[in-house]
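Comments concern the structure below.
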Amino acid sequence: MLPGMSGLEVLRVLRREGIDTPVIILSAKGDEVDRVVGLKVGADDYVPKPFSRPELLARVEAVLRREARMVGEPSEDREVIRTGSLEIDVARREVSMSGTALSLTTREFDLLTFLAAHPGQIFTRHQLLSRIWGFDYDGTDRTVDVHVSWLRTKLRTIDGHDYFRTVRGVGYAFRPHP
């Protein structure tokens with residue numbers, strides 16, 4: 001019941017544009033058909049009014065846990081990610097190239113690990129900001145550009161390979177070493 005465009009239409013547009021940010025619909029419409037339509041359009045949860053604050057917070061936490069499991073950390077069988085001379089030990093939070101340990105900031109490590117766990121997949125700056133910096137991050141998407149630049153410099157200096165593909169106007173993808 002938003003002015004101009006319904007919440008369902010907003011959600012349809014988001015999903016059509018490939019934006020997969022988790023969405024919880026809070027609505028006065030609580031009939032079964034409304035809940036089913038909301039979930040089929042792409043909502044991650046549907047909470048009809050009235051609802052309690054503790055229930056809403058629990059549902060938000062559940063959606064964020066699901067999201068983290070789906071795209072966050074690499075699965076346990078991929079605790080070490082290797083490509084070319086690059087080796088990322090996820091459990092130990094260590095990165096090395098050709099046996100030489102690299103010193104990365106927390107965000108650099110998280111960004112590198114996330115992208116390396118999804119080789120070739122393109123992520124928008126917004127997706128990377130929300131996954132690496134968190135949904136409540138206040139900065140600009142230039143933060144992603146700066147961190148990718150720092151990582152490029154650190155990795156390229158050792159073996160000359162550019163591990164990041166810039167997709168102009170969209171974002172970045174991890175390019176494994178051949």
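Residues in the structure tokens are numbered from 1 in each chain, the chains being A, B, ... in the order shown, and ligands are numbered from 1 in the order shown.
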Excluding A:Phe123 and any residue of its chain fewer than 2 positions from it, enumerate the residues within 8 Å of it, using only C-alpha atoms, and give them as number ranges by chain.
A: 121, 125, 127-128, 170-173
Please save all heavy atoms of the selected residues as an mmCIF file, in the first residue's frame.
```cif
data_model
loop_
_atom_site.group_PDB
_atom_site.id
_atom_site.type_symbol
_atom_site.label_atom_id
_atom_site.label_comp_id
_atom_site.auth_asym_id
_atom_site.auth_seq_id
_atom_site.Cartn_x
_atom_site.Cartn_y
_atom_site.Cartn_z
ATOM 1 N N GLN A 121 31.636 -15.258 -10.999
ATOM 2 C CA GLN A 121 30.327 -14.658 -10.725
ATOM 3 C C GLN A 121 30.499 -13.149 -10.517
ATOM 4 O O GLN A 121 31.359 -12.712 -9.764
ATOM 5 C CB GLN A 121 29.691 -15.292 -9.492
ATOM 6 C CG GLN A 121 28.270 -14.863 -9.261
ATOM 7 C CD GLN A 121 27.610 -15.634 -8.125
ATOM 8 O OE1 GLN A 121 28.102 -16.674 -7.709
ATOM 9 N NE2 GLN A 121 26.519 -15.116 -7.637
ATOM 10 N N ARG A 125 28.618 -3.590 -6.729
ATOM 11 C CA ARG A 125 29.236 -2.942 -5.582
ATOM 12 C C ARG A 125 28.300 -3.002 -4.374
ATOM 13 O O ARG A 125 28.734 -3.238 -3.251
ATOM 14 C CB ARG A 125 29.597 -1.502 -5.922
ATOM 15 C CG ARG A 125 30.758 -1.402 -6.886
ATOM 16 C CD ARG A 125 30.900 0.024 -7.434
ATOM 17 N NE ARG A 125 32.013 0.110 -8.376
ATOM 18 C CZ ARG A 125 31.919 -0.216 -9.658
ATOM 19 N NH1 ARG A 125 30.781 -0.648 -10.168
ATOM 20 N NH2 ARG A 125 32.974 -0.120 -10.443
ATOM 21 N N GLN A 127 26.009 -5.285 -3.706
ATOM 22 C CA GLN A 127 26.011 -6.639 -3.153
ATOM 23 C C GLN A 127 27.250 -6.874 -2.303
ATOM 24 O O GLN A 127 27.170 -7.452 -1.223
ATOM 25 C CB GLN A 127 25.953 -7.674 -4.281
ATOM 26 C CG GLN A 127 24.617 -7.750 -4.971
ATOM 27 C CD GLN A 127 24.666 -8.638 -6.207
ATOM 28 O OE1 GLN A 127 25.637 -8.621 -6.962
ATOM 29 N NE2 GLN A 127 23.606 -9.410 -6.420
ATOM 30 N N LEU A 128 28.398 -6.416 -2.799
ATOM 31 C CA LEU A 128 29.636 -6.603 -2.046
ATOM 32 C C LEU A 128 29.629 -5.789 -0.761
ATOM 33 O O LEU A 128 30.067 -6.275 0.297
ATOM 34 C CB LEU A 128 30.848 -6.253 -2.913
ATOM 35 C CG LEU A 128 31.077 -7.203 -4.091
ATOM 36 C CD1 LEU A 128 32.144 -6.659 -5.035
ATOM 37 C CD2 LEU A 128 31.449 -8.598 -3.595
ATOM 38 N N VAL A 170 28.903 -2.151 -13.446
ATOM 39 C CA VAL A 170 28.209 -3.189 -12.700
ATOM 40 C C VAL A 170 28.959 -3.513 -11.398
ATOM 41 O O VAL A 170 28.464 -3.266 -10.315
ATOM 42 C CB VAL A 170 28.026 -4.483 -13.534
ATOM 43 C CG1 VAL A 170 27.328 -5.554 -12.742
ATOM 44 C CG2 VAL A 170 27.266 -4.168 -14.803
ATOM 45 N N GLY A 171 30.147 -4.082 -11.524
ATOM 46 C CA GLY A 171 30.879 -4.478 -10.329
ATOM 47 C C GLY A 171 32.106 -5.287 -10.667
ATOM 48 O O GLY A 171 32.818 -4.983 -11.629
ATOM 49 N N TYR A 172 32.318 -6.376 -9.903
ATOM 50 C CA TYR A 172 33.543 -7.150 -10.022
ATOM 51 C C TYR A 172 33.277 -8.651 -10.013
ATOM 52 O O TYR A 172 32.286 -9.119 -9.451
ATOM 53 C CB TYR A 172 34.488 -6.828 -8.858
ATOM 54 C CG TYR A 172 34.937 -5.387 -8.848
ATOM 55 C CD1 TYR A 172 34.308 -4.450 -8.047
ATOM 56 C CD2 TYR A 172 35.971 -4.960 -9.664
ATOM 57 C CE1 TYR A 172 34.709 -3.129 -8.040
ATOM 58 C CE2 TYR A 172 36.378 -3.634 -9.681
ATOM 59 C CZ TYR A 172 35.745 -2.731 -8.862
ATOM 60 O OH TYR A 172 36.137 -1.423 -8.866
ATOM 61 N N ALA A 173 34.208 -9.372 -10.619
ATOM 62 C CA ALA A 173 34.184 -10.840 -10.575
ATOM 63 C C ALA A 173 35.607 -11.317 -10.312
ATOM 64 O O ALA A 173 36.579 -10.659 -10.696
ATOM 65 C CB ALA A 173 33.684 -11.399 -11.900
#
```
Would you list the contacts of A:Pro48 as a PyMOL selection string, taking every protein, DNA or RNA residue within 9 Å and counting only C-alpha atoms, but skipping same-chain residues closer than 2 positions in sequence?
chain A and resi 25-31+35+46+50-51
Considering only C-alpha atoms, state which residue in the set A:Ser103, A:Thr113, A:Ser130, A:Thr140 is at the smallest distance from A:Phe174.
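Once distances to A:Phe174 are computed over only C-alpha atoms, the minimum belongs to A:Thr113.
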Using DSSP secondary structure from the backbone, list all strand (DSSP E or B) positions within stretch 13-161 of chain A, as a list in words.
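Checking each residue of stretch 13-161 of chain A, the strand (DSSP E or B) ones are Ile24, Ile25, Leu26, Ser27, Asp45, Tyr46, Val47, Pro48, Val80, Ile81, Arg82, Thr83, Leu86, Glu87, Ile88, Asp89, Glu94, Val95, Ser96, Met97, Thr100, Ala101, Leu102, Phe123 and Thr124 of chain A.
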Create the file for the chosen residues now, containing N, CA, C and O atoms and written as an mmCIF file, in the first residue's frame.
```cif
data_model
loop_
_atom_site.group_PDB
_atom_site.id
_atom_site.type_symbol
_atom_site.label_atom_id
_atom_site.label_comp_id
_atom_site.auth_asym_id
_atom_site.auth_seq_id
_atom_site.Cartn_x
_atom_site.Cartn_y
_atom_site.Cartn_z
ATOM 1 N N ILE A 24 11.873 -8.804 3.626
ATOM 2 C CA ILE A 24 10.796 -9.290 4.471
ATOM 3 C C ILE A 24 9.632 -8.331 4.267
ATOM 4 O O ILE A 24 9.772 -7.124 4.460
ATOM 5 N N ILE A 25 8.497 -8.860 3.867
ATOM 6 C CA ILE A 25 7.309 -8.028 3.673
ATOM 7 C C ILE A 25 6.573 -7.904 5.002
ATOM 8 O O ILE A 25 6.281 -8.918 5.648
ATOM 9 N N LEU A 26 6.322 -6.671 5.415
ATOM 10 C CA LEU A 26 5.484 -6.374 6.573
ATOM 11 C C LEU A 26 4.209 -5.785 6.008
ATOM 12 O O LEU A 26 4.249 -4.754 5.346
ATOM 13 N N SER A 27 3.081 -6.436 6.254
ATOM 14 C CA SER A 27 1.867 -6.010 5.575
ATOM 15 C C SER A 27 0.628 -6.158 6.446
ATOM 16 O O SER A 27 0.555 -7.041 7.304
ATOM 17 N N ASP A 45 10.571 -13.582 3.476
ATOM 18 C CA ASP A 45 9.628 -13.861 4.551
ATOM 19 C C ASP A 45 8.469 -12.883 4.424
ATOM 20 O O ASP A 45 8.578 -11.863 3.729
ATOM 21 N N TYR A 46 7.355 -13.201 5.075
ATOM 22 C CA TYR A 46 6.161 -12.366 5.009
ATOM 23 C C TYR A 46 5.579 -12.321 6.413
ATOM 24 O O TYR A 46 5.267 -13.367 6.981
ATOM 25 N N VAL A 47 5.484 -11.133 6.981
ATOM 26 C CA VAL A 47 4.992 -10.985 8.342
ATOM 27 C C VAL A 47 3.746 -10.104 8.313
ATOM 28 O O VAL A 47 3.835 -8.908 8.041
ATOM 29 N N PRO A 48 2.566 -10.694 8.571
ATOM 30 C CA PRO A 48 1.344 -9.883 8.593
ATOM 31 C C PRO A 48 1.202 -9.134 9.921
ATOM 32 O O PRO A 48 1.678 -9.594 10.960
ATOM 33 N N VAL A 80 40.232 -24.308 2.197
ATOM 34 C CA VAL A 80 41.390 -23.707 1.544
ATOM 35 C C VAL A 80 41.033 -23.522 0.074
ATOM 36 O O VAL A 80 40.659 -24.461 -0.612
ATOM 37 N N ILE A 81 41.136 -22.277 -0.381
ATOM 38 C CA ILE A 81 40.841 -21.956 -1.779
ATOM 39 C C ILE A 81 42.175 -21.745 -2.481
ATOM 40 O O ILE A 81 42.993 -20.936 -2.029
ATOM 41 N N ARG A 82 42.387 -22.481 -3.585
ATOM 42 C CA ARG A 82 43.653 -22.375 -4.328
ATOM 43 C C ARG A 82 43.377 -22.046 -5.783
ATOM 44 O O ARG A 82 42.504 -22.628 -6.401
ATOM 45 N N THR A 83 44.156 -21.131 -6.305
ATOM 46 C CA THR A 83 44.130 -20.848 -7.736
ATOM 47 C C THR A 83 45.505 -20.324 -8.115
ATOM 48 O O THR A 83 45.968 -19.333 -7.563
ATOM 49 N N LEU A 86 48.056 -18.580 -5.654
ATOM 50 C CA LEU A 86 47.285 -17.975 -4.559
ATOM 51 C C LEU A 86 46.623 -19.059 -3.718
ATOM 52 O O LEU A 86 45.987 -19.972 -4.244
ATOM 53 N N GLU A 87 46.801 -18.967 -2.406
ATOM 54 C CA GLU A 87 46.190 -19.910 -1.482
ATOM 55 C C GLU A 87 45.547 -19.131 -0.338
ATOM 56 O O GLU A 87 46.194 -18.326 0.321
ATOM 57 N N ILE A 88 44.238 -19.379 -0.118
ATOM 58 C CA ILE A 88 43.494 -18.714 0.945
ATOM 59 C C ILE A 88 43.055 -19.767 1.949
ATOM 60 O O ILE A 88 42.259 -20.644 1.625
ATOM 61 N N ASP A 89 43.590 -19.691 3.155
ATOM 62 C CA ASP A 89 43.192 -20.593 4.233
ATOM 63 C C ASP A 89 42.107 -19.867 5.024
ATOM 64 O O ASP A 89 42.388 -18.973 5.819
ATOM 65 N N GLU A 94 44.414 -16.759 6.548
ATOM 66 C CA GLU A 94 45.750 -16.494 6.013
ATOM 67 C C GLU A 94 45.726 -16.597 4.499
ATOM 68 O O GLU A 94 45.062 -17.463 3.928
ATOM 69 N N VAL A 95 46.501 -15.724 3.862
ATOM 70 C CA VAL A 95 46.622 -15.731 2.407
ATOM 71 C C VAL A 95 48.102 -15.792 2.080
ATOM 72 O O VAL A 95 48.918 -15.082 2.674
ATOM 73 N N SER A 96 48.440 -16.653 1.108
ATOM 74 C CA SER A 96 49.833 -16.721 0.668
ATOM 75 C C SER A 96 49.878 -16.879 -0.846
ATOM 76 O O SER A 96 48.932 -17.369 -1.466
ATOM 77 N N MET A 97 50.988 -16.428 -1.416
ATOM 78 C CA MET A 97 51.239 -16.599 -2.845
ATOM 79 C C MET A 97 52.645 -17.134 -2.992
ATOM 80 O O MET A 97 53.589 -16.548 -2.441
ATOM 81 N N THR A 100 54.671 -17.262 0.038
ATOM 82 C CA THR A 100 54.915 -16.029 0.785
ATOM 83 C C THR A 100 53.613 -15.520 1.387
ATOM 84 O O THR A 100 52.625 -15.328 0.672
ATOM 85 N N ALA A 101 53.607 -15.312 2.707
ATOM 86 C CA ALA A 101 52.406 -14.822 3.385
ATOM 87 C C ALA A 101 52.135 -13.371 2.992
ATOM 88 O O ALA A 101 53.047 -12.562 2.865
ATOM 89 N N LEU A 102 50.852 -13.072 2.751
ATOM 90 C CA LEU A 102 50.441 -11.707 2.430
ATOM 91 C C LEU A 102 49.763 -11.086 3.641
ATOM 92 O O LEU A 102 49.008 -11.752 4.345
ATOM 93 N N PHE A 123 29.469 -9.583 -9.087
ATOM 94 C CA PHE A 123 28.756 -8.996 -7.968
ATOM 95 C C PHE A 123 28.771 -7.483 -8.108
ATOM 96 O O PHE A 123 29.810 -6.894 -8.434
ATOM 97 N N THR A 124 27.627 -6.869 -7.855
ATOM 98 C CA THR A 124 27.561 -5.407 -7.895
ATOM 99 C C THR A 124 28.275 -4.854 -6.661
ATOM 100 O O THR A 124 28.477 -5.558 -5.669
#
```
So that I can check the surroundings of A:Ala62, please list as number ranges by chain every protein, DNA and RNA residue that reaches within 12 Å of it, counting only C-alpha atoms and ignoring chain neighbours fewer than 5 positions away.
A: 22-24, 44-45, 55-57, 67-69
The distance between atom CA of A:Glu9 and atom CA of A:Gly134 is 25.7 Å
Suppose you want the space between atom CA of A:Arg66 and atom CA of A:Ala43; what is it in Å?
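So the answer is 13.2 Å.
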What does the distance from atom CA of A:Leu112 to atom CA of A:Ile19 come to in Å, to one decimal?
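Atom CA of A:Ile19 lies at a distance of 21.2 Å from atom CA of A:Leu112.
Among the candidate residues A:Leu11, A:Ala91, A:Gly169, A:Thr153, the one lying nearest to A:Asp141 is A:Gly169, with distances computed using only C-alpha atoms.
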